[in-house]
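Heads up: the structure comes next, in structure tokens.
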Amino acid sequence: MDIHLIPDPAFPGPAFSSSATPGSGAGYRLRWRDRRGQAHEAACVIGRGGIIQDKREGDGGTPVGCFPLRRVLYRPDRVSAPVTALPVVALTPDGGWCDDPTHPDYNRPVTLPFPAGHEVMWRDDHVYDIVVVLGHNDAPPVPGLGSAIFMHLTRPDRAATAGCTALDLDDLRRLLSHCQPGDRLCVPDQGPIP
């Protein structure tokens, strides 16, 4: 199953140049069909840098391409494990993700403390209470071409992400209930994919 990023009709304008505030990450939805062919949609937020073809570390952009859903991580102290056919792993307080392009573990999970630049996966906020690891720049990782591109939860103010795709908790759970290995998130470079 492919999950497509599409313009949100609530934000009128040409495809992928919505009238949402620039850098807000708003103006998009995810659309997918379940195994019975029923269509589903959910509002989402993307990176503050918009959709970009040439992803670079730290640019805030959501990369163009189709990315396999690798596995789901979750905070067992806050939420129950999502119901999904994807592999599911509980996060731990020492979980991190290397975002230092000069380190050999770039764009890979790491154990904290960690000497190089990294994201903390066990966050104080709720953004990473459920995280879907996407197959972006991971086979193998190329230094500088982007790390930690996930699907995760929105902030309460629905602020733009650093390049990820974010959904509300109930929408992400609903999406994951339809997912299985081999499914992909597809971000087109122009216009919606049907």
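By order of appearance in the structure tokens: chains A, B, ..., then residues from 1 within every chain, and ligands from 1 in the order shown.
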
Using only C-alpha atoms, what does the table of range 74-152 of chain A residues within 7 Å of range 172-180 of chain A look like, with each row giving the shortest atom pair and its distance in Å to one decimal, sorted by chain and ascending number, as a tab-separated table?
```
residue	atom	partner	partner_atom	distance
A:Pro82	CA	A:Arg173	CA	6.1
A:Val83	CA	A:Ser177	CA	5.4
A:Thr84	CA	A:Ser177	CA	4.6
A:Ala85	CA	A:Gln180	CA	4.6
A:Leu86	CA	A:Gln180	CA	5.0
```

Would you write out those residues with N, CA, C and O atoms, as a short mmCIF file (atom, residue, chain, number, x, y, z; two decimals), in the first residue's frame?
```
data_model
loop_
_atom_site.label_atom_id
_atom_site.label_comp_id
_atom_site.auth_asym_id
_atom_site.auth_seq_id
_atom_site.Cartn_x
_atom_site.Cartn_y
_atom_site.Cartn_z
N PRO A 82 0.92 0.35 19.16
CA PRO A 82 -0.04 0.46 18.07
C PRO A 82 -0.38 -0.91 17.49
O PRO A 82 0.48 -1.79 17.45
N VAL A 83 -1.61 -1.05 17.03
CA VAL A 83 -2.03 -2.27 16.36
C VAL A 83 -1.64 -2.12 14.89
O VAL A 83 -2.14 -1.24 14.19
N THR A 84 -0.71 -2.97 14.45
CA THR A 84 -0.20 -2.89 13.09
C THR A 84 0.52 -4.19 12.76
O THR A 84 0.97 -4.91 13.66
N ALA A 85 0.64 -4.48 11.47
CA ALA A 85 1.42 -5.63 11.03
C ALA A 85 2.90 -5.29 10.87
O ALA A 85 3.71 -6.17 10.61
N LEU A 86 3.25 -4.01 11.02
CA LEU A 86 4.65 -3.61 10.97
C LEU A 86 5.37 -4.05 12.24
O LEU A 86 4.73 -4.20 13.30
#
```

Can I get the residues of range 46-133 of chain A within 10 Å of range 150-158 of chain A, each with the closest pair of atoms and their distance in Å to one decimal, using only C-alpha atoms, sorted chain first then ascending number, as CSV?
```
residue,atom,partner,partner_atom,distance
A:Ile46,CA,A:Met151,CA,9.4
A:Thr62,CA,A:Phe150,CA,9.8
A:Phe67,CA,A:Phe150,CA,9.9
A:Leu69,CA,A:Phe150,CA,9.0
A:Arg70,CA,A:Phe150,CA,9.9
A:Val72,CA,A:Met151,CA,9.3
A:Leu73,CA,A:His152,CA,9.5
A:Tyr74,CA,A:His152,CA,9.8
A:Asp125,CA,A:Arg155,CA,8.2
A:His126,CA,A:Leu153,CA,7.2
A:Val127,CA,A:Leu153,CA,4.7
A:Tyr128,CA,A:His152,CA,5.9
A:Asp129,CA,A:Leu153,CA,7.2
A:Ile130,CA,A:His152,CA,5.8
A:Val131,CA,A:His152,CA,4.5
A:Val132,CA,A:Met151,CA,4.9
A:Val133,CA,A:Phe150,CA,5.0
```

ask   = Can you list every residue in chain A that DSSP puts in helix (DSSP H, G or I), as a list in words?
value =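 Across chain A, those assigned helix (DSSP H, G or I) are Leu169, Asp170, Asp171, Leu172, Arg173, Arg174, Leu175, Leu176 and Ser177 of chain A.
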
Go ahead and write the selection's residues with N, CA and C atoms as a PDB file, in the first residue's frame.
```
ATOM      1  N   LEU A 169      -2.627  11.720  17.012  1.00  0.00           N
ATOM      2  CA  LEU A 169      -2.518  10.371  17.560  1.00  0.00           C
ATOM      3  C   LEU A 169      -3.547   9.412  16.964  1.00  0.00           C
ATOM      4  N   ASP A 170      -4.830   9.791  16.984  1.00  0.00           N
ATOM      5  CA  ASP A 170      -5.861   8.876  16.484  1.00  0.00           C
ATOM      6  C   ASP A 170      -5.672   8.580  14.998  1.00  0.00           C
ATOM      7  N   ASP A 171      -5.253   9.581  14.225  1.00  0.00           N
ATOM      8  CA  ASP A 171      -5.035   9.365  12.790  1.00  0.00           C
ATOM      9  C   ASP A 171      -3.844   8.454  12.536  1.00  0.00           C
ATOM     10  N   LEU A 172      -2.763   8.634  13.299  1.00  0.00           N
ATOM     11  CA  LEU A 172      -1.601   7.767  13.110  1.00  0.00           C
ATOM     12  C   LEU A 172      -1.940   6.335  13.502  1.00  0.00           C
ATOM     13  N   ARG A 173      -2.673   6.153  14.583  1.00  0.00           N
ATOM     14  CA  ARG A 173      -3.101   4.795  14.965  1.00  0.00           C
ATOM     15  C   ARG A 173      -3.979   4.168  13.876  1.00  0.00           C
ATOM     16  N   ARG A 174      -4.890   4.950  13.312  1.00  0.00           N
ATOM     17  CA  ARG A 174      -5.774   4.436  12.253  1.00  0.00           C
ATOM     18  C   ARG A 174      -4.957   4.037  11.028  1.00  0.00           C
ATOM     19  N   LEU A 175      -4.026   4.892  10.626  1.00  0.00           N
ATOM     20  CA  LEU A 175      -3.163   4.574   9.495  1.00  0.00           C
ATOM     21  C   LEU A 175      -2.372   3.293   9.764  1.00  0.00           C
ATOM     22  N   LEU A 176      -1.752   3.202  10.925  1.00  0.00           N
ATOM     23  CA  LEU A 176      -0.928   2.032  11.231  1.00  0.00           C
ATOM     24  C   LEU A 176      -1.733   0.741  11.258  1.00  0.00           C
ATOM     25  N   SER A 177      -3.006   0.830  11.620  1.00  0.00           N
ATOM     26  CA  SER A 177      -3.836  -0.385  11.646  1.00  0.00           C
ATOM     27  C   SER A 177      -4.020  -0.981  10.252  1.00  0.00           C
TER      28      SER A 177
END
```

key: Residue nearest Arg48 in chain A among A:Pro76, A:Asn107, A:Asp99, A:Thr161 (counting only C-alpha atoms)   = A:Thr161

Computed interatomic separation between CA of Thr165 in chain A and CA of Gly27 in chain A (Å) =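 These atoms are spaced 12.0 Å apart.
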
request  = Excluding Asn137 in chain A and residues on its chain fewer than 3 positions from it, collect all residues at most 12 Å away from it, counting only C-alpha atoms, and give them as a PyMOL selection string.
outcome  = chain A and resi 54-57+63-68+99+101+106-108+133-134+140-150

request  = Enter the distance from CA of Gly135 in chain A to CA of Gly182 in chain A, in Å, rounded to one decimal.
outcome  =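 A separation of 10.5 Å between them.
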
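For the residues A:Met1, A:Ala43, A:Cys98, A:Ile51, ranking by smallest atom-to-atom distance to Met121 in chain A using only C-alpha atoms places A:Cys98 first.
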
key: Distance of CA of Ala10 in chain A from CA of His40 in chain A, expressed in Å to one decimal place   = 16.5 Å

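When only C-alpha atoms are used to measure the gap to Gly117 in chain A, the shortest distance among A:Gly58, A:Pro87, A:Pro93, A:Pro188 belongs to A:Gly58.
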
inquiry  = If you run DSSP on the backbone here, which positions in chain A get strand (DSSP E or B)? Please write them as a ChimeraX atom specification.
reply    = /A:2-7,28-33,39-45,47,51-52,62-63,65-74,88-90,95-98,109-111,118-120,130-134,150-153,161,165-167,184-187

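Comparing the minimum interatomic distances between Asp138 in chain A and each of A:Asp105, A:Gly37, A:Cys164, A:Asp124, counting only C-alpha atoms, we find that A:Asp105 sits nearest.
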